[in-house]
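**Student:** Can you read through this structure? Questions will come right after.
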Amino acid sequence: RIEKDKKNKTERSAVPASQPLKMDAQPPIRNVLEVQFPPHASVPRLAEQQSLGKEHFRKAEGFLAIANFGEALRHAVLADANAYPLAEPLRVTIVSAVDPPNRAALLGPVSNQLAEGAKENPDDAIALYCAAYALRTGYGIPRNHVWCVLYLEKCVRFGLASACSLLGNLIEKGNTAGRYTRDRDLVMALYGKSLELGSSTGANNLSVLLGKLGAPRAEARRFREIAISMGNAMARANKSAHIISKKEENWQKLADVAFEGARASAAAGYPAGMNRVGDCYRDGLCVKKDNLQAAFWYFRATITSQRSGDRAAFLYSQSQLRNLAGKVLRRLPSDWEKKARQWVDKEIIEEQQERKAKAVAEGILVEDITRPGTYIPQPTPSAPPQAHVYAEGESAPSSPAVQQGHSTMHESAHSKGLPSLAKGKYVFLSHKSEDKPLVRRLKYDLERYGVPCWIDEERITYGDWDTRIAEGIVNAGAAIFCFSDLFFDSRPCISELKMMRRRVDKKELNEDALVPVVLGKWGGNIPIECLFALSGDTVQRLDLLQVAAEPQKAKWEEAVASLSSRLRFMLKLGDHMG
């Protein structure tokens, strides 16, 4: 407490004499919360905020994909200022991707610009919030809680939802440089106003605070479910934690909900979600019990929380690794920590490729024609592709695939005279090159039944191979994984499987969109990381290798017809008129 008082005195003395904002000595926030906020030009309407937040989020992902961390952080903060629910985990991901020694150089200039923006626009709530955020986190610039609180106070008066939740959080934790006591009633009022103004963070914070105060669980659960319905990843991690710790009613029946929520939160970038995935593997909740996989997830949570500054998640993951030491670490090789770090690095690289492909597909990034394989930001998003309408007498390109509003995915496909594939209306074929003959046969027969297919040898002729593959995955409506022993020995095949799994975790696809098909000699072994992607032993596989021989042609046809019917229903292609 003494050290904290010294720090607060130092921060108060650091406030410049010429303050750009005139604030009250004790701001009347209670009075402001008791009345309706007056309309103010600097605060967009809720619908406009959500639209702006989504646009800034997309730009942040695009800049992150090309490792422009400064611009990525700027747009992530702007997305958070507009109450976009996934902005905060993206900020954690951005900060975690930058090594601490390099943060001042990579993030400092942008943080400084955000902090100075409040002086240039003292009546712009978004600019004030961004400045407060920069001064609170201190990426590359000195932290200053005094000015952070001053800016947030004005944002609250303007009626900015994100500012209400952030100021409430600072008051709850006592990080206001002595301007406020830890008044729980005021904190709850701020969280409630944040929720009223459309912020999912306010709902989640309110749920957590009610739990700490010993309020009825039903009340805390109600606000948590509101936050989940608004897309808050942290709320999903909190729900998973309650189920795993058996605090939730009927927790035995909610094991799948716990694992699904933990995976979604981990996919969003939260260390707490990674810890929850580790808990599921530790306890065998909805998955096969595996202490080694649990250790790997705790290790990833350790690295991510260490870089992002999430002390609670860091301490928990460390404690769980110590508990697992006797069960797991003794039977691991001496260099297990090095291998675990390599595994985490591979996961980050795969996510980076997926992010880049998604940004290219959405027109946020465009390929530099002077440097093939290099991508640059596009100032304005490209217009959505229009469906091609055939004139009377004009025939569609000769292909068994059904054409329904197809957009151009790769120029390389057109260079081969292939029809373009519409987003979400085709199947990605993941396979090892040695299994290509049977994969080609499967592709031909599926297209004969009206199921468009994406295969690398047809769709890629130039450019960044990894990005093209990832682009094919992020635009696919489903994926067929052609299992064999060679498939699981291939790092690219495993990466493709995990990319699709992340799309399921993010609710972009249903679980059924992952379709395993046996097409090569396979002993039935699945690596641990692939068991995670395939939901353990629940996966239903279709063994086409057994019916691939010519004498069993009828069984092959029957199996392919059943598979194509399932895929057409999943891709919403309608009935096939064969």
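Ligands are numbered from 1 in the order shown, chains are lettered A, B, ... in the order of the structure tokens, and residues start at 1 in each chain.
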Identify, on the basis of only C-alpha atoms, every residue whose closest approach to region 490-502 of chain A does not exceed 10 Å; exclude the query and any residue fewer than 4 positions from it along the same chain; express the result as an mmCIF file with N, CA and C atoms, in the first residue's frame.
**Tutor:**
data_model
loop_
_atom_site.group_PDB
_atom_site.id
_atom_site.type_symbol
_atom_site.label_atom_id
_atom_site.label_comp_id
_atom_site.auth_asym_id
_atom_site.auth_seq_id
_atom_site.Cartn_x
_atom_site.Cartn_y
_atom_site.Cartn_z
ATOM 1 N N ARG A 263 -12.688 -23.417 -26.257
ATOM 2 C CA ARG A 263 -12.003 -23.375 -27.552
ATOM 3 C C ARG A 263 -12.255 -22.053 -28.261
ATOM 4 N N ALA A 264 -13.496 -21.574 -28.198
ATOM 5 C CA ALA A 264 -13.818 -20.305 -28.856
ATOM 6 C C ALA A 264 -13.046 -19.155 -28.223
ATOM 7 N N ALA A 266 -10.192 -19.391 -26.577
ATOM 8 C CA ALA A 266 -8.778 -19.563 -26.910
ATOM 9 C C ALA A 266 -8.507 -19.112 -28.341
ATOM 10 N N ALA A 267 -9.437 -19.430 -29.241
ATOM 11 C CA ALA A 267 -9.278 -19.012 -30.636
ATOM 12 C C ALA A 267 -9.311 -17.499 -30.768
ATOM 13 N N ALA A 268 -10.059 -16.829 -29.882
ATOM 14 C CA ALA A 268 -10.124 -15.365 -29.915
ATOM 15 C C ALA A 268 -8.845 -14.729 -29.403
ATOM 16 N N LYS A 346 4.390 -22.515 -34.033
ATOM 17 C CA LYS A 346 3.720 -23.029 -35.234
ATOM 18 C C LYS A 346 2.243 -22.629 -35.245
ATOM 19 N N GLU A 347 1.607 -22.705 -34.071
ATOM 20 C CA GLU A 347 0.210 -22.301 -33.977
ATOM 21 C C GLU A 347 0.047 -20.828 -34.366
ATOM 22 N N ILE A 349 2.025 -19.019 -36.289
ATOM 23 C CA ILE A 349 2.273 -18.856 -37.724
ATOM 24 C C ILE A 349 1.053 -19.273 -38.531
ATOM 25 N N GLU A 350 0.424 -20.391 -38.140
ATOM 26 C CA GLU A 350 -0.768 -20.855 -38.852
ATOM 27 C C GLU A 350 -1.904 -19.842 -38.737
ATOM 28 N N GLU A 351 -2.086 -19.294 -37.549
ATOM 29 C CA GLU A 351 -3.123 -18.282 -37.361
ATOM 30 C C GLU A 351 -2.818 -17.035 -38.183
ATOM 31 N N GLN A 353 -1.189 -16.962 -41.083
ATOM 32 C CA GLN A 353 -1.507 -17.282 -42.477
ATOM 33 C C GLN A 353 -3.012 -17.220 -42.715
ATOM 34 N N GLU A 354 -3.755 -17.751 -41.767
ATOM 35 C CA GLU A 354 -5.221 -17.722 -41.890
ATOM 36 C C GLU A 354 -5.731 -16.286 -41.875
ATOM 37 N N PHE A 428 -13.331 -27.783 -49.713
ATOM 38 C CA PHE A 428 -11.865 -27.791 -49.783
ATOM 39 C C PHE A 428 -11.380 -29.222 -49.592
ATOM 40 N N LEU A 429 -10.513 -29.708 -50.494
ATOM 41 C CA LEU A 429 -9.985 -31.072 -50.420
ATOM 42 C C LEU A 429 -8.574 -31.030 -49.849
ATOM 43 N N SER A 430 -8.422 -31.485 -48.610
ATOM 44 C CA SER A 430 -7.129 -31.528 -47.947
ATOM 45 C C SER A 430 -6.574 -32.939 -48.059
ATOM 46 N N HIS A 431 -5.360 -33.074 -48.611
ATOM 47 C CA HIS A 431 -4.830 -34.412 -48.886
ATOM 48 C C HIS A 431 -3.312 -34.346 -49.035
ATOM 49 N N LYS A 432 -2.690 -35.518 -49.014
ATOM 50 C CA LYS A 432 -1.260 -35.639 -49.296
ATOM 51 C C LYS A 432 -1.090 -35.930 -50.777
ATOM 52 N N SER A 433 -0.022 -35.412 -51.340
ATOM 53 C CA SER A 433 0.186 -35.531 -52.784
ATOM 54 C C SER A 433 0.210 -36.982 -53.250
ATOM 55 N N ASP A 466 1.329 -20.751 -49.387
ATOM 56 C CA ASP A 466 0.661 -20.878 -48.086
ATOM 57 C C ASP A 466 -0.552 -19.961 -47.993
ATOM 58 N N ILE A 469 -3.410 -21.359 -50.155
ATOM 59 C CA ILE A 469 -4.066 -22.484 -49.469
ATOM 60 C C ILE A 469 -4.988 -21.960 -48.370
ATOM 61 N N ALA A 470 -4.463 -21.042 -47.558
ATOM 62 C CA ALA A 470 -5.274 -20.494 -46.463
ATOM 63 C C ALA A 470 -6.484 -19.752 -47.002
ATOM 64 N N GLY A 472 -8.110 -20.493 -49.724
ATOM 65 C CA GLY A 472 -9.077 -21.525 -50.089
ATOM 66 C C GLY A 472 -9.828 -22.062 -48.890
ATOM 67 N N ILE A 473 -9.134 -22.143 -47.738
ATOM 68 C CA ILE A 473 -9.763 -22.668 -46.530
ATOM 69 C C ILE A 473 -10.762 -21.674 -45.941
ATOM 70 N N VAL A 474 -10.367 -20.394 -45.841
ATOM 71 C CA VAL A 474 -11.232 -19.421 -45.159
ATOM 72 C C VAL A 474 -12.479 -19.094 -45.972
ATOM 73 N N ALA A 476 -14.043 -21.591 -47.850
ATOM 74 C CA ALA A 476 -14.752 -22.851 -48.072
ATOM 75 C C ALA A 476 -15.959 -22.968 -47.151
ATOM 76 N N GLY A 477 -16.976 -23.665 -47.629
ATOM 77 C CA GLY A 477 -18.141 -23.944 -46.797
ATOM 78 C C GLY A 477 -18.016 -25.250 -46.051
ATOM 79 N N ALA A 478 -17.061 -26.097 -46.462
ATOM 80 C CA ALA A 478 -16.795 -27.385 -45.814
ATOM 81 C C ALA A 478 -15.435 -27.867 -46.283
ATOM 82 N N ALA A 479 -14.904 -28.879 -45.629
ATOM 83 C CA ALA A 479 -13.607 -29.431 -46.016
ATOM 84 C C ALA A 479 -13.624 -30.935 -45.846
ATOM 85 N N ILE A 480 -13.068 -31.626 -46.824
ATOM 86 C CA ILE A 480 -12.882 -33.075 -46.745
ATOM 87 C C ILE A 480 -11.418 -33.340 -46.469
ATOM 88 N N PHE A 481 -11.133 -34.092 -45.426
ATOM 89 C CA PHE A 481 -9.768 -34.439 -45.061
ATOM 90 C C PHE A 481 -9.525 -35.900 -45.420
ATOM 91 N N CYS A 482 -8.641 -36.113 -46.379
ATOM 92 C CA CYS A 482 -8.392 -37.453 -46.914
ATOM 93 C C CYS A 482 -7.351 -38.148 -46.048
ATOM 94 N N PHE A 483 -7.821 -38.936 -45.078
ATOM 95 C CA PHE A 483 -6.950 -39.543 -44.083
ATOM 96 C C PHE A 483 -6.096 -40.664 -44.679
ATOM 97 N N ASP A 485 -1.864 -42.595 -43.470
ATOM 98 C CA ASP A 485 -0.680 -42.427 -42.622
ATOM 99 C C ASP A 485 0.152 -41.248 -43.103
ATOM 100 N N LEU A 486 0.194 -41.058 -44.428
ATOM 101 C CA LEU A 486 0.965 -39.951 -44.994
ATOM 102 C C LEU A 486 0.339 -38.609 -44.643
ATOM 103 N N LYS A 506 -14.806 -20.337 -34.058
ATOM 104 C CA LYS A 506 -15.274 -18.956 -34.177
ATOM 105 C C LYS A 506 -16.705 -18.870 -34.677
ATOM 106 N N LYS A 507 -17.380 -20.017 -34.781
ATOM 107 C CA LYS A 507 -18.788 -20.066 -35.201
ATOM 108 C C LYS A 507 -18.979 -19.658 -36.662
ATOM 109 N N GLU A 508 -17.911 -19.720 -37.456
ATOM 110 C CA GLU A 508 -18.056 -19.441 -38.879
ATOM 111 C C GLU A 508 -18.628 -20.647 -39.611
ATOM 112 N N LEU A 509 -18.399 -21.846 -39.056
ATOM 113 C CA LEU A 509 -18.891 -23.091 -39.652
ATOM 114 C C LEU A 509 -19.447 -23.986 -38.556
ATOM 115 N N ASN A 510 -20.300 -24.919 -38.956
ATOM 116 C CA ASN A 510 -20.788 -25.924 -38.023
ATOM 117 C C ASN A 510 -19.769 -27.056 -37.895
ATOM 118 N N GLU A 511 -19.912 -27.850 -36.843
ATOM 119 C CA GLU A 511 -19.004 -28.974 -36.607
ATOM 120 C C GLU A 511 -19.022 -29.956 -37.774
ATOM 121 N N ALA A 513 -18.982 -29.439 -40.778
ATOM 122 C CA ALA A 513 -18.239 -28.982 -41.951
ATOM 123 C C ALA A 513 -16.882 -29.667 -42.078
ATOM 124 N N LEU A 514 -16.416 -30.329 -41.018
ATOM 125 C CA LEU A 514 -15.170 -31.088 -41.065
ATOM 126 C C LEU A 514 -15.516 -32.532 -41.386
ATOM 127 N N PRO A 516 -14.042 -36.113 -42.375
ATOM 128 C CA PRO A 516 -12.909 -37.022 -42.576
ATOM 129 C C PRO A 516 -13.297 -38.185 -43.498
ATOM 130 N N PRO A 527 -2.581 -38.000 -34.311
ATOM 131 C CA PRO A 527 -1.782 -37.233 -33.351
ATOM 132 C C PRO A 527 -2.663 -36.447 -32.381
ATOM 133 N N GLU A 529 -2.625 -33.300 -31.419
ATOM 134 C CA GLU A 529 -3.119 -31.998 -31.874
ATOM 135 C C GLU A 529 -4.272 -32.145 -32.851
ATOM 136 N N CYS A 530 -4.316 -33.280 -33.591
ATOM 137 C CA CYS A 530 -5.421 -33.498 -34.525
ATOM 138 C C CYS A 530 -6.653 -34.041 -33.809
ATOM 139 N N PHE A 532 -7.582 -32.971 -31.003
ATOM 140 C CA PHE A 532 -8.202 -31.726 -30.543
ATOM 141 C C PHE A 532 -9.038 -31.109 -31.664
ATOM 142 N N ALA A 533 -8.496 -31.092 -32.873
ATOM 143 C CA ALA A 533 -9.206 -30.476 -34.000
ATOM 144 C C ALA A 533 -10.439 -31.262 -34.396
ATOM 145 N N LEU A 534 -10.401 -32.581 -34.163
ATOM 146 C CA LEU A 534 -11.505 -33.433 -34.601
ATOM 147 C C LEU A 534 -12.440 -33.811 -33.462
ATOM 148 N N SER A 535 -12.345 -33.161 -32.333
ATOM 149 C CA SER A 535 -13.226 -33.429 -31.181
ATOM 150 C C SER A 535 -13.075 -34.860 -30.678
#
**Student:** What lies within 7 Å of Arg224 (chain A) using only C-alpha atoms, ignoring chain neighbours under 3 positions off, as a VMD selection string?
**Tutor:** chain A and resid 203 to 204 207 220 to 221 227 to 228 235
**Student:** Let's have the selection written as a CSV table (one decimal), in the first residue's frame, with C-alpha atoms.
**Tutor:**
chain,number,residue,atom,x,y,z
A,203,ALA,CA,-22.5,-7.1,-19.2
A,204,ASN,CA,-19.6,-9.5,-18.6
A,207,SER,CA,-21.7,-10.7,-14.1
A,220,ALA,CA,-24.9,-13.2,-12.3
A,221,ARG,CA,-25.7,-15.9,-14.9
A,227,ALA,CA,-22.7,-10.9,-22.8
A,228,ILE,CA,-22.3,-14.3,-24.6
A,235,ALA,CA,-17.9,-14.4,-21.0
**Student:** Kindly provide the residues of region 39-94 of chain A that approach region 305-313 of chain A to within 9 Å, each paired with its closest atom pair and their distance in Å to one decimal, based on only C-alpha atoms, listed by chain and increasing number, as JSON lines.
**Tutor:**
{"residue": "A:Arg91", "atom": "CA", "partner": "A:Ser308", "partner_atom": "CA", "distance": 8.8}
{"residue": "A:Val92", "atom": "CA", "partner": "A:Ser308", "partner_atom": "CA", "distance": 5.7}
{"residue": "A:Thr93", "atom": "CA", "partner": "A:Ser308", "partner_atom": "CA", "distance": 7.8}
{"residue": "A:Ile94", "atom": "CA", "partner": "A:Ser308", "partner_atom": "CA", "distance": 8.7}
**Student:** Write to file, as a PDB file, in the first residue's frame, the residues of the selection just made, with N, CA and C atoms.
**Tutor:**
ATOM      1  N   ARG A  91      -6.631  -7.142 -29.456  1.00  0.00           N
ATOM      2  CA  ARG A  91      -5.555  -6.322 -28.908  1.00  0.00           C
ATOM      3  C   ARG A  91      -4.569  -7.187 -28.134  1.00  0.00           C
ATOM      4  N   VAL A  92      -5.081  -8.155 -27.374  1.00  0.00           N
ATOM      5  CA  VAL A  92      -4.214  -9.081 -26.640  1.00  0.00           C
ATOM      6  C   VAL A  92      -3.334  -9.863 -27.620  1.00  0.00           C
ATOM      7  N   THR A  93      -3.934 -10.311 -28.735  1.00  0.00           N
ATOM      8  CA  THR A  93      -3.181 -11.055 -29.740  1.00  0.00           C
ATOM      9  C   THR A  93      -2.076 -10.196 -30.351  1.00  0.00           C
ATOM     10  N   ILE A  94      -2.402  -8.940 -30.639  1.00  0.00           N
ATOM     11  CA  ILE A  94      -1.416  -8.035 -31.241  1.00  0.00           C
ATOM     12  C   ILE A  94      -0.242  -7.815 -30.295  1.00  0.00           C
TER      13      ILE A  94
END
**Student:** I need the residue nearest Gln49 (chain A) from this list: A:His75, A:Tyr133, A:Ala127, A:Ser199. Use only C-alpha atoms for the distance.
**Tutor:** A:Ser199
**Student:** Quick one: residues within 9 Å of Ala76 (chain A), only C-alpha atoms, excluding same-chain residues fewer than 5 positions away - as a PyMOL selection string?
**Tutor:** chain A and resi 53+56-61+71+81+87-88+90-91+94
**Student:** Which polymer residues have any atom within 9 Å of an atom of Leu571 (chain A), counting only C-alpha atoms, with same-chain residues fewer than 5 positions away left out, as a PyMOL selection string?
**Tutor:** chain A and resi 424-427+451+477-478+566
**Student:** Quick one: everything within 7 Å of Gly70 (chain A), counting only C-alpha atoms, minus sequence neighbours fewer than 3 positions away in the same chain. Send it as a list in words.
**Tutor:**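 So, after excluding close chain neighbours, the residues are Leu73, Arg74, Leu106, Leu107 and Val110 of chain A.
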**Student:** I need the residues from that last selection saved to file as an mmCIF file, in the first residue's frame (with N, CA and C atoms), if you can.
**Tutor:**
data_model
loop_
_atom_site.group_PDB
_atom_site.id
_atom_site.type_symbol
_atom_site.label_atom_id
_atom_site.label_comp_id
_atom_site.auth_asym_id
_atom_site.auth_seq_id
_atom_site.Cartn_x
_atom_site.Cartn_y
_atom_site.Cartn_z
ATOM 1 N N LEU A 73 -2.666 -2.153 -33.861
ATOM 2 C CA LEU A 73 -3.076 -1.722 -32.520
ATOM 3 C C LEU A 73 -3.998 -0.511 -32.602
ATOM 4 N N ARG A 74 -3.693 0.445 -33.507
ATOM 5 C CA ARG A 74 -4.523 1.632 -33.631
ATOM 6 C C ARG A 74 -5.967 1.243 -33.975
ATOM 7 N N LEU A 106 7.979 -0.540 -31.823
ATOM 8 C CA LEU A 106 6.901 -0.880 -32.758
ATOM 9 C C LEU A 106 5.562 -0.252 -32.383
ATOM 10 N N LEU A 107 5.284 -0.130 -31.084
ATOM 11 C CA LEU A 107 3.974 0.359 -30.645
ATOM 12 C C LEU A 107 4.027 1.780 -30.080
ATOM 13 N N VAL A 110 2.564 4.858 -32.342
ATOM 14 C CA VAL A 110 1.098 4.864 -32.431
ATOM 15 C C VAL A 110 0.480 5.227 -31.087
#
**Student:** Please list as JSON, numbers by chain every residue within 12 Å of Ala262 (chain A), counting only C-alpha atoms and excluding residues in the same chain fewer than 6 positions away.
**Tutor:** {"A": [233, 234, 235, 236, 237, 238, 239, 240, 241, 242, 243, 244, 255, 256, 268, 269, 270, 271, 272, 273, 274, 275, 276, 277, 278, 279, 280, 281, 285, 286, 297, 505, 506]}
**Student:** One decimal, Å: what's the distance from CA of Asp123 (chain A) over to CA of Gly178 (chain A), could you say?
**Tutor:** 25.0 Å
**Student:** Distance CA of Lys154 (chain A)-CA of Val187 (chain A), one decimal place?
**Tutor:** 16.4 Å
**Student:** For a quick check of understanding, using only C-alpha atoms, which of A:Phe223, A:Phe259, A:Trp343, A:Phe158 has the smallest distance to Lys288 (chain A)?
**Tutor:** A:Phe259
**Student:** Quick one: pull the distance between CA of Arg448 (chain A) and CA of Glu434 (chain A), Å, one decimal.
**Tutor:** 23.5 Å
**Student:** Nearest to Tyr139 (chain A) among A:Tyr180, A:Tyr151, A:Phe69, A:Tyr84, with distances taken over only C-alpha atoms: which residue is it?
**Tutor:**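 Among A:Tyr180, A:Tyr151, A:Phe69, A:Tyr84, it is A:Phe69 that comes nearest to Tyr139 (chain A).
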